[in-house]
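Working notes, structure below.
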4 protein chains.
Amino acid sequence: MKFDFPLKELPAVMRGPRMERRRVLVGGSAFWGTMIDEGAEAGCLRLDDGRRVDPDTLPHLPPVSPSKIIAVHISYSSRSLETRNKPRPTETPTYFTKPPTSLNGHRGQILKPADCKYLNYEGEYAVVISRTCRNVTPDEAWDFIEGFCPALDMGLQDFRDTDQGSMLRVKGADTLLPIGPGIVRGVNLFEQTLRTFVNGHIVQEAHIGEETVWGPHYVIADIARHITLEAGDVILMGTPCHSRSVDPGQLVECEITGIGRIGGTVTAIPAPRASALGVGHQPTDSPEVRRVALGFDERVPEHFKEALRLAKEAHQ
Amino acid sequence: MKFDFPLKELPAVMRGPRMERRRVLVGGSAFWGTMIDEGAEAGCLRLDDGRRVDPDTLPHLPPVSPSKIIAVHISYSSRSLETRNKPRPTETPTYFTKPPTSLNGHRGQILKPADCKYLNYEGEYAVVISRTCRNVTPDEAWDFIEGFCPALDMGLQDFRDTDQGSMLRVKGADTLLPIGPGIVRGVNLFEQTLRTFVNGHIVQEAHIGEETVWGPHYVIADIARHITLEAGDVILMGTPCHSRSVDPGQLVECEITGIGRIGGTVTAIPAPRASALGVGHQPTDSPEVRRVALGFDERVPEHFKEALRLAKEAHQ
Amino acid sequence: MKFDFPLKELPAVMRGPRMERRRVLVGGSAFWGTMIDEGAEAGCLRLDDGRRVDPDTLPHLPPVSPSKIIAVHISYSSRSLETRNKPRPTETPTYFTKPPTSLNGHRGQILKPADCKYLNYEGEYAVVISRTCRNVTPDEAWDFIEGFCPALDMGLQDFRDTDQGSMLRVKGADTLLPIGPGIVRGVNLFEQTLRTFVNGHIVQEAHIGEETVWGPHYVIADIARHITLEAGDVILMGTPCHSRSVDPGQLVECEITGIGRIGGTVTAIPAPRASALGVGHQPTDSPEVRRVALGFDERVPEHFKEALRLAKEAHQ
Amino acid sequence: MKFDFPLKELPAVMRGPRMERRRVLVGGSAFWGTMIDEGAEAGCLRLDDGRRVDPDTLPHLPPVSPSKIIAVHISYSSRSLETRNKPRPTETPTYFTKPPTSLNGHRGQILKPADCKYLNYEGEYAVVISRTCRNVTPDEAWDFIEGFCPALDMGLQDFRDTDQGSMLRVKGADTLLPIGPGIVRGVNLFEQTLRTFVNGHIVQEAHIGEETVWGPHYVIADIARHITLEAGDVILMGTPCHSRSVDPGQLVECEITGIGRIGGTVTAIPAPRASALGVGHQPTDSPEVRRVALGFDERVPEHFKEALRLAKEAHQ
């Protein structure tokens, strides 16, 4: 894959040393800290107050507070092949949004209402904006990136038939954007590999530098033509092939090598009270819903299908 | 038009006395105040600090600070007839979003980039949420409404061909949501009439109680089934028939009787720098773009067309 | 104690039924919910999504997001007697501020740096503002109250000698404002009793209606003469007698009957790195510091001293 | 004056080229832009959308959105000499706070209630924090500075007698912090001169590098020992000698050479309604109030007194 706007030199946000910032809850108190990557304390989180803590034992808050979240529809060649049978999805990227209330922290609950069948994972990397950005070129755009996060752009495909393409109810429901565990600078994103796991089995895999059609600099320059991006805003960069539906109890994770691994557990909740009154579009099990939720299997590598089958078995 | 969930009694937010709150800039200082509706000082704005000022001479800031903005696609029977040839557009409402950066104050500039042709007005009323709201019934939803504002849901139709239905670039560009001049409680919304004006000529008109398919209580209950609405969040309630394109220099206004009249002036800006580099979807003049931008004239009252013709003449 | 502005009737915010809202973390996901006060599920938290959870097992986030936090210096007659030997401290209330970064959730860590000796508790009730408020009378002020929370206005008394009375470093350090567990409406505050506990022993006690000099309506009207209060802003209403210093490992709690019980654990952290370089005022053990930190024992009921002695023994 | 922590090299935030960002209102629309410093368009503001506008004709919004504002009491040797008769005020800096509601834009109204006599100017420079900052050394602190702004730390000295040193009512009232017109990077702050003007007459003057006792890096490191500073937070760096009271109609300005010049007009407003009911501390004309408001004239250069006399004459 060749970017439309190749790098002239490695941008500062991708030059080392690596730095990962996390926000964790200790008791009821939220603290920011920096991950220790080397030495005897590698794997510890050094809170800003000087203490070392084990992040694996602590609840994580999302490491971002965006005023808006914009997502690329398709930017991986494998996803484009799967859904459109061509390696480049469209001439130029297209976008939708997720509301800030969809944000979720590491190891959170990903809610699946009782009347919904299809909650699909999409492993992605997210870009976080560092300062007000409007009307920039792709080359300039790198200076407006704070860092990168692993993310899961979950979707309630039962609502695929409504909202005329905006996917507000598919992608916008509460908890459908696990992001973190931290925000990372100092890693060459284009040398990394994205993998999604269900109950530990790999179900998506893509080399970011080789399989993404547009880099974050291109996407920022594209959006900022008409929309001001503000500090903290988040852009989700799309998913590779083999998005599938998961069930309550399953653990979904997305790892970007060098960046981190975000996880969340699918959790059942009651159907909304207003749905029982007949308010609003009801979850639907139409051919179009099933087509997207269950996937385009003829174009997906066999081992992904096997992994998902194993994950489902393990869960049952 | 009969609502799916008719009112049992007039909700508190629609019971008098009327109260309108505005936020204006005096010099470089922002002040909140309450409009005086009666007596010798009627039409004055009483700033909270006790001063009376003339609001017609002062810049207005948007009276809302939403974390998200959700818009109904179609909820007026006339718009449904115009675009779909039936009085009820869909079984249930569908939605898209606008980012907070699209907010604009009263008498603001509505930006039209030099490489775009079609910037359409859509006069609407907006609903402002008063407190955290999730999983409520239509009857309960009234208690989560802070008040109502006139609004203009402007759209750059040159981008109708991209974003696969989310309309991010159509509806989400900076300044495309003039809202205000104030936020109003104590008025029975369903007895009011919405009118949109271009250079003073009426180009849209609808009686809210008789022509809207769903009330704000229904829409809140629908969205809050899956998405938490937060204090300050804004819902745009759709537009009646005859959305059309306007040009730089034209004044666009939306009045909701009893609520107020928001206005803004279409203003030309240069094409984005990244567009010149070939970045992103370029504004397009396709049949689908023209169909929406120029309208569905065979189904629109003759006098609206005449008004828009006059507005264009006056401008040239 | 007689208020300067007695109630004409019980304000809406103090009329039942009681409602308590909490924000908890389940996994890494934050959810709002309402406490169930009666019936078989009493003590459960009903999340807005419909699930019942046991709040005792969940991390709590602060139930408020203020843009400013203002605290009354002294408004309890017992505290006034203790520190000034007269039942009414001053003609009118006086105030200081705490930054939002001092906020802490229920069961959080209250940080005590290694080079500090004196971290004093002060049990208080907090008032939360519901909407923009400026230039109101005490009677009107009730309509601007969202609800009440228990709170602990902790203070690092080692910095009593600096900041010329603003107490920025005494009261403003991170984590020094545990607040929650929820925000409560529908309880007559003036019939409640405040109690502070250290390791379960009562160390402060006061009947709010009988021992506070000014009600929240008076304080809001006083501050809002010159300062605009915004939705979510927090006012801390002062503490009764017997504020004392606590040590790492001790559990501090404040209960307001009918409202709730907030708790946090004193936790040691390293001294700041800049302190080792000689930057800034160093923690000091002066007579004035000791006077406030260790208290005015001759005017405090004997049983409070005993309780604190027991709490210290239990801890050692 | 010699800093406790002298610069090892010029920090990035003070290395050129100069960049000034402003936020202005055009009609009711807010836009960010960058000042053009050189060439034919010098003095123009280049909005991010590509347009050039004349900033002198436009309302300015504050260029910052802080979650907290912390102010140094005294850090200029001339102010220390004036008030304390020694060139270094205290061993280490001391602080107070102003609430975000005190923020005011360029050319705003600075409110003086009808029952107040003494509204004092204090010209200052402000430091804006770029990202979360806790537990840093003075050398590290430079990396957490976004830029600098001129500011006026106005004070209603009629309330000097209350609030026990926190100065909440002196310094915290609405509009008492004009800041801007822009936020500036790329200028060596320590080579600049601060001047305050009343109706165009110089009434304060100080060379920042030679007369300030502590640099911003020291102050950030000091505060961040215990308090987390967040992106957008503002620190006010103190004022030189000759703070005096101004009257309605007078124009107050503070210029930092190389950075900019902020101005505001003193404006009379009615006394608060609650004051008429006897609520709260009433403005007082005590010896202590007069001492601070009218100044310590024996230690002030003669020409400042003359300038202020001329400004008052011009105004009458």
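Labels used: A, B, ... for chains in the order of the structure tokens, numbers from 1 for residues in each chain, and numbers from 1 for ligands as shown.
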
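Here the residues within segment 78-265 of chain D that DSSP labels alpha helix (DSSP H) on the basis of the backbone are Ser78, Arg79, Ser80, Leu81, Glu82, Thr83, Arg84, Pro138, Asp139, Glu140, Ala141, Leu168, Arg169, Val170, Lys171, Ile208, Gly209, Glu210, Glu211, Pro216, His217, Tyr218, Val219, Ile220, Ala221, Asp222 and Ile223 of chain D.
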
Grab the residues selected above and save them as an mmCIF file, in the first residue's frame with N, CA, C and O atoms.
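The new file part00.cif reads:
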data_model
loop_
_atom_site.group_PDB
_atom_site.id
_atom_site.type_symbol
_atom_site.label_atom_id
_atom_site.label_comp_id
_atom_site.auth_asym_id
_atom_site.auth_seq_id
_atom_site.Cartn_x
_atom_site.Cartn_y
_atom_site.Cartn_z
ATOM 1 N N SER D 78 9.702 45.780 42.809
ATOM 2 C CA SER D 78 9.164 47.118 43.083
ATOM 3 C C SER D 78 7.891 47.037 43.922
ATOM 4 O O SER D 78 7.644 47.873 44.790
ATOM 5 N N ARG D 79 7.085 46.029 43.660
ATOM 6 C CA ARG D 79 5.858 45.854 44.447
ATOM 7 C C ARG D 79 6.205 45.435 45.867
ATOM 8 O O ARG D 79 5.544 45.839 46.835
ATOM 9 N N SER D 80 7.246 44.637 45.992
ATOM 10 C CA SER D 80 7.678 44.212 47.319
ATOM 11 C C SER D 80 8.230 45.396 48.109
ATOM 12 O O SER D 80 7.915 45.573 49.288
ATOM 13 N N LEU D 81 9.027 46.211 47.426
ATOM 14 C CA LEU D 81 9.543 47.419 48.089
ATOM 15 C C LEU D 81 8.396 48.328 48.523
ATOM 16 O O LEU D 81 8.382 48.848 49.643
ATOM 17 N N GLU D 82 7.418 48.475 47.641
ATOM 18 C CA GLU D 82 6.303 49.379 47.923
ATOM 19 C C GLU D 82 5.501 48.922 49.133
ATOM 20 O O GLU D 82 5.159 49.714 50.009
ATOM 21 N N THR D 83 5.187 47.614 49.160
ATOM 22 C CA THR D 83 4.268 47.150 50.198
ATOM 23 C C THR D 83 4.989 46.634 51.434
ATOM 24 O O THR D 83 4.425 46.603 52.519
ATOM 25 N N ARG D 84 6.260 46.224 51.277
ATOM 26 C CA ARG D 84 6.941 45.592 52.395
ATOM 27 C C ARG D 84 8.320 46.175 52.671
ATOM 28 O O ARG D 84 9.030 45.693 53.561
ATOM 29 N N PRO D 138 11.829 22.766 38.127
ATOM 30 C CA PRO D 138 11.781 24.008 37.351
ATOM 31 C C PRO D 138 12.315 23.820 35.928
ATOM 32 O O PRO D 138 11.733 24.352 34.973
ATOM 33 N N ASP D 139 13.368 23.054 35.754
ATOM 34 C CA ASP D 139 13.890 22.850 34.394
ATOM 35 C C ASP D 139 12.868 22.161 33.487
ATOM 36 O O ASP D 139 12.720 22.500 32.318
ATOM 37 N N GLU D 140 12.182 21.182 34.033
ATOM 38 C CA GLU D 140 11.181 20.464 33.239
ATOM 39 C C GLU D 140 9.946 21.315 32.956
ATOM 40 O O GLU D 140 9.244 21.111 31.967
ATOM 41 N N ALA D 141 9.663 22.256 33.851
ATOM 42 C CA ALA D 141 8.385 22.988 33.791
ATOM 43 C C ALA D 141 8.193 23.735 32.483
ATOM 44 O O ALA D 141 7.066 23.931 32.020
ATOM 45 N N LEU D 168 -11.465 36.232 47.880
ATOM 46 C CA LEU D 168 -12.443 35.744 46.892
ATOM 47 C C LEU D 168 -13.272 36.888 46.328
ATOM 48 O O LEU D 168 -13.422 37.010 45.112
ATOM 49 N N ARG D 169 -13.790 37.756 47.187
ATOM 50 C CA ARG D 169 -14.635 38.835 46.689
ATOM 51 C C ARG D 169 -13.803 39.989 46.125
ATOM 52 O O ARG D 169 -14.254 40.723 45.259
ATOM 53 N N VAL D 170 -12.563 40.179 46.627
ATOM 54 C CA VAL D 170 -11.701 41.229 46.059
ATOM 55 C C VAL D 170 -11.345 40.883 44.611
ATOM 56 O O VAL D 170 -11.517 41.698 43.701
ATOM 57 N N LYS D 171 -10.858 39.669 44.400
ATOM 58 C CA LYS D 171 -10.282 39.304 43.114
ATOM 59 C C LYS D 171 -11.180 38.406 42.261
ATOM 60 O O LYS D 171 -10.888 38.172 41.086
ATOM 61 N N ILE D 208 10.622 42.780 32.981
ATOM 62 C CA ILE D 208 10.285 41.466 33.549
ATOM 63 C C ILE D 208 11.528 40.694 33.964
ATOM 64 O O ILE D 208 11.590 40.133 35.061
ATOM 65 N N GLY D 209 12.549 40.683 33.108
ATOM 66 C CA GLY D 209 13.745 39.913 33.432
ATOM 67 C C GLY D 209 14.497 40.451 34.642
ATOM 68 O O GLY D 209 15.124 39.692 35.382
ATOM 69 N N GLU D 210 14.436 41.749 34.840
ATOM 70 C CA GLU D 210 15.229 42.336 35.915
ATOM 71 C C GLU D 210 14.471 42.522 37.220
ATOM 72 O O GLU D 210 15.086 42.654 38.274
ATOM 73 N N GLU D 211 13.163 42.574 37.155
ATOM 74 C CA GLU D 211 12.429 42.925 38.369
ATOM 75 C C GLU D 211 11.555 41.819 38.939
ATOM 76 O O GLU D 211 10.972 41.998 40.003
ATOM 77 N N PRO D 216 8.354 31.810 35.557
ATOM 78 C CA PRO D 216 7.181 30.935 35.492
ATOM 79 C C PRO D 216 7.533 29.475 35.739
ATOM 80 O O PRO D 216 6.716 28.716 36.263
ATOM 81 N N HIS D 217 8.756 29.079 35.367
ATOM 82 C CA HIS D 217 9.169 27.679 35.571
ATOM 83 C C HIS D 217 9.238 27.346 37.062
ATOM 84 O O HIS D 217 8.858 26.272 37.494
ATOM 85 N N TYR D 218 9.714 28.320 37.845
ATOM 86 C CA TYR D 218 9.797 28.107 39.288
ATOM 87 C C TYR D 218 8.399 27.992 39.895
ATOM 88 O O TYR D 218 8.101 27.113 40.715
ATOM 89 N N VAL D 219 7.519 28.878 39.469
ATOM 90 C CA VAL D 219 6.168 28.928 40.028
ATOM 91 C C VAL D 219 5.385 27.663 39.660
ATOM 92 O O VAL D 219 4.674 27.083 40.495
ATOM 93 N N ILE D 220 5.513 27.209 38.408
ATOM 94 C CA ILE D 220 4.844 25.966 38.002
ATOM 95 C C ILE D 220 5.361 24.794 38.828
ATOM 96 O O ILE D 220 4.586 23.989 39.353
ATOM 97 N N ALA D 221 6.677 24.706 38.976
ATOM 98 C CA ALA D 221 7.249 23.598 39.750
ATOM 99 C C ALA D 221 6.798 23.665 41.205
ATOM 100 O O ALA D 221 6.550 22.634 41.843
ATOM 101 N N ASP D 222 6.673 24.871 41.719
ATOM 102 C CA ASP D 222 6.226 25.037 43.103
ATOM 103 C C ASP D 222 4.788 24.530 43.272
ATOM 104 O O ASP D 222 4.496 23.671 44.114
ATOM 105 N N ILE D 223 3.876 25.052 42.457
ATOM 106 C CA ILE D 223 2.458 24.677 42.591
ATOM 107 C C ILE D 223 2.261 23.197 42.301
ATOM 108 O O ILE D 223 1.532 22.500 43.014
#

Residues flagged strand (DSSP E or B) by DSSP in segment 106-260 of chain A, as a ChimeraX atom specification: /A:108-113,119-120,123-129,133,145-152,155-156,177-179,182-185,193-198,201-207,212,229,234-236,245-246,251-256,260

Do me a favour and pick out the residues of chain B within 8 Å of chain C, using only C-alpha atoms, as a short mmCIF file (atom, residue, chain, number, x, y, z; two decimals) with all heavy atoms, in the first residue's frame.
data_model
loop_
_atom_site.label_atom_id
_atom_site.label_comp_id
_atom_site.auth_asym_id
_atom_site.auth_seq_id
_atom_site.Cartn_x
_atom_site.Cartn_y
_atom_site.Cartn_z
N ASP B 48 -28.03 39.79 34.24
CA ASP B 48 -28.13 39.30 35.61
C ASP B 48 -27.56 40.29 36.61
O ASP B 48 -27.92 40.27 37.79
CB ASP B 48 -27.40 37.94 35.73
CG ASP B 48 -28.16 36.82 35.03
OD1 ASP B 48 -29.30 37.06 34.58
OD2 ASP B 48 -27.60 35.71 34.93
N ASP B 49 -26.65 41.15 36.16
CA ASP B 49 -26.07 42.12 37.10
C ASP B 49 -26.98 43.32 37.32
O ASP B 49 -26.64 44.23 38.07
CB ASP B 49 -24.67 42.57 36.63
CG ASP B 49 -24.68 43.21 35.24
OD1 ASP B 49 -25.65 43.92 34.90
OD2 ASP B 49 -23.71 43.01 34.49
N GLY B 50 -28.15 43.33 36.70
CA GLY B 50 -29.13 44.36 36.99
C GLY B 50 -29.29 45.41 35.90
O GLY B 50 -30.27 46.15 35.88
N ARG B 134 -31.45 8.90 30.55
CA ARG B 134 -31.26 7.59 29.90
C ARG B 134 -32.41 6.68 30.26
O ARG B 134 -32.82 6.66 31.44
CB ARG B 134 -29.93 6.97 30.37
CG ARG B 134 -29.70 5.53 29.97
CD ARG B 134 -29.12 5.40 28.56
NE ARG B 134 -29.36 4.09 27.99
CZ ARG B 134 -28.60 3.02 28.20
NH1 ARG B 134 -27.51 3.13 28.92
NH2 ARG B 134 -28.91 1.85 27.70
N ASN B 135 -32.95 5.97 29.28
CA ASN B 135 -33.93 4.91 29.55
C ASN B 135 -35.21 5.46 30.16
O ASN B 135 -35.70 4.94 31.16
CB ASN B 135 -33.27 3.86 30.47
CG ASN B 135 -34.02 2.53 30.46
OD1 ASN B 135 -34.81 2.25 29.55
ND2 ASN B 135 -33.80 1.74 31.48
#

Would you mind reading off the distance between atom CA of Glu302 of chain A and atom CA of Asp247 of chain A, one decimal, in Å? 21.1 Å

Within 12 Å of segment 74-76 of chain D, counting only C-alpha atoms, which residues show up once you throw out same-chain ones fewer than 2 positions away? Write them as an MDAnalysis selection string, please. (chainID C and resid 163:164) or (chainID D and resid 1:3 71:72 78:84 86:96 122:125 194 204:216 218:219 236:243)

Write out as a PyMOL selection string which residues come within 10 Å of Ser275 of chain C when counting only C-alpha atoms, dropping same-chain ones fewer than 2 positions away. (chain C and resi 115+271-273+277-283) or (chain D and resi 135-137+221-222+225)

Using all heavy atoms, can you write the selected residues to a file as a short mmCIF file (atom, residue, chain, number, x, y, z; two decimals), in the first residue's frame?
data_model
loop_
_atom_site.label_atom_id
_atom_site.label_comp_id
_atom_site.auth_asym_id
_atom_site.auth_seq_id
_atom_site.Cartn_x
_atom_site.Cartn_y
_atom_site.Cartn_z
N ASP C 115 6.69 14.42 53.46
CA ASP C 115 7.29 15.49 54.26
C ASP C 115 6.25 16.33 54.99
O ASP C 115 6.58 17.40 55.51
CB ASP C 115 8.19 16.37 53.37
CG ASP C 115 7.46 16.93 52.16
OD1 ASP C 115 6.28 16.56 51.96
OD2 ASP C 115 8.07 17.72 51.42
N ALA C 271 7.58 12.66 49.02
CA ALA C 271 7.68 14.11 48.96
C ALA C 271 7.89 14.52 47.50
O ALA C 271 8.49 13.79 46.72
CB ALA C 271 8.84 14.58 49.82
N PRO C 272 7.38 15.70 47.10
CA PRO C 272 7.55 16.14 45.71
C PRO C 272 9.02 16.31 45.34
O PRO C 272 9.83 16.73 46.18
CB PRO C 272 6.83 17.50 45.68
CG PRO C 272 5.95 17.52 46.88
CD PRO C 272 6.62 16.67 47.90
N ARG C 273 9.35 16.03 44.07
CA ARG C 273 10.74 16.14 43.62
C ARG C 273 11.25 17.58 43.75
O ARG C 273 12.41 17.81 44.10
CB ARG C 273 10.85 15.70 42.16
CG ARG C 273 10.56 14.22 41.98
CD ARG C 273 10.25 13.89 40.54
NE ARG C 273 11.37 14.19 39.68
CZ ARG C 273 11.28 14.76 38.47
NH1 ARG C 273 10.09 15.11 38.01
NH2 ARG C 273 12.34 14.99 37.75
N LEU C 277 14.67 19.99 45.76
CA LEU C 277 15.54 21.01 45.16
C LEU C 277 15.43 22.34 45.88
O LEU C 277 16.03 23.33 45.47
CB LEU C 277 15.17 21.20 43.68
CG LEU C 277 15.29 19.99 42.77
CD1 LEU C 277 14.75 20.30 41.38
CD2 LEU C 277 16.75 19.53 42.70
N GLY C 278 14.60 22.39 46.92
CA GLY C 278 14.45 23.65 47.65
C GLY C 278 13.42 24.59 47.04
O GLY C 278 13.34 25.76 47.40
N VAL C 279 12.62 24.06 46.09
CA VAL C 279 11.62 24.92 45.46
C VAL C 279 10.42 25.09 46.39
O VAL C 279 9.87 24.11 46.88
CB VAL C 279 11.15 24.31 44.12
CG1 VAL C 279 9.94 25.06 43.58
CG2 VAL C 279 12.29 24.30 43.12
N GLY C 280 10.01 26.32 46.61
CA GLY C 280 8.73 26.60 47.26
C GLY C 280 8.76 26.49 48.76
O GLY C 280 9.73 26.02 49.38
N HIS C 281 7.68 26.94 49.35
CA HIS C 281 7.53 26.89 50.80
C HIS C 281 7.55 25.44 51.28
O HIS C 281 6.82 24.60 50.78
CB HIS C 281 6.20 27.55 51.20
CG HIS C 281 5.97 27.60 52.67
ND1 HIS C 281 6.44 28.63 53.46
CD2 HIS C 281 5.35 26.74 53.51
CE1 HIS C 281 6.09 28.41 54.72
NE2 HIS C 281 5.44 27.27 54.77
N GLN C 282 8.41 25.15 52.25
CA GLN C 282 8.50 23.79 52.76
C GLN C 282 7.50 23.58 53.90
O GLN C 282 7.17 24.52 54.61
CB GLN C 282 9.92 23.51 53.26
CG GLN C 282 11.00 23.68 52.18
CD GLN C 282 10.89 22.68 51.04
OE1 GLN C 282 10.70 21.50 51.27
NE2 GLN C 282 10.97 23.16 49.80
N PRO C 283 6.98 22.36 54.03
CA PRO C 283 6.07 22.08 55.15
C PRO C 283 6.71 22.50 56.46
O PRO C 283 7.91 22.27 56.68
CB PRO C 283 5.88 20.56 55.09
CG PRO C 283 6.25 20.17 53.70
CD PRO C 283 7.27 21.15 53.24
N ASN D 135 4.38 17.40 39.74
CA ASN D 135 5.61 16.86 40.31
C ASN D 135 6.78 17.01 39.36
O ASN D 135 7.52 16.05 39.09
CB ASN D 135 5.38 15.39 40.69
CG ASN D 135 6.42 14.86 41.65
OD1 ASN D 135 7.12 15.62 42.33
ND2 ASN D 135 6.55 13.54 41.69
N VAL D 136 6.98 18.20 38.83
CA VAL D 136 8.08 18.48 37.90
C VAL D 136 9.11 19.39 38.56
O VAL D 136 8.82 20.07 39.54
CB VAL D 136 7.56 19.13 36.60
CG1 VAL D 136 6.58 18.21 35.87
CG2 VAL D 136 6.91 20.49 36.88
N THR D 137 10.31 19.43 37.98
CA THR D 137 11.34 20.37 38.44
C THR D 137 11.21 21.67 37.65
O THR D 137 10.56 21.71 36.60
CB THR D 137 12.74 19.79 38.20
OG1 THR D 137 12.95 19.71 36.79
CG2 THR D 137 12.90 18.41 38.84
N ALA D 221 6.68 24.71 38.98
CA ALA D 221 7.25 23.60 39.75
C ALA D 221 6.80 23.67 41.21
O ALA D 221 6.55 22.63 41.84
CB ALA D 221 8.78 23.63 39.66
N ASP D 222 6.67 24.87 41.72
CA ASP D 222 6.23 25.04 43.10
C ASP D 222 4.79 24.53 43.27
O ASP D 222 4.50 23.67 44.11
CB ASP D 222 6.33 26.52 43.48
CG ASP D 222 5.92 26.79 44.92
OD1 ASP D 222 5.77 25.82 45.70
OD2 ASP D 222 5.74 27.97 45.28
N ARG D 225 3.93 20.77 42.86
CA ARG D 225 4.33 19.82 43.89
C ARG D 225 3.12 19.10 44.48
O ARG D 225 3.18 17.92 44.83
CB ARG D 225 5.07 20.55 45.01
CG ARG D 225 6.44 21.09 44.60
CD ARG D 225 7.17 21.69 45.78
NE ARG D 225 6.42 22.81 46.37
CZ ARG D 225 6.53 23.22 47.62
NH1 ARG D 225 7.33 22.57 48.46
NH2 ARG D 225 5.84 24.25 48.06
#

What does the structure give for the distance between atom CA of Phe197 of chain A and atom CA of Leu58 of chain C, in Å to one decimal?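 We find that atom CA of Phe197 of chain A and atom CA of Leu58 of chain C lie 27.0 Å from each other.
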
Compile the contact shell of segment 143-159 of chain D as a count of residues only: residues with an atom at most 7 Å away, counting only C-alpha atoms, same-chain residues fewer than 5 positions apart removed. 42

Å distance separating atom CA of Thr162 of chain C from atom CA of Lys98 of chain C, one decimal place: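 Separation of atom CA of Thr162 of chain C and atom CA of Lys98 of chain C: 15.7 Å.
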
Neighbour list for Val203 of chain C as a PyMOL selection string, cut-off 8 Å, only C-alpha atoms, skip fewer than 4 positions in-chain: chain C and resi 195-198+242+304-305+307-308

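Shortest atom-to-atom contact with Ser245 of chain C among C:Val53, C:Ser67, C:Lys112, C:Leu10: C:Lys112, counting only C-alpha atoms.
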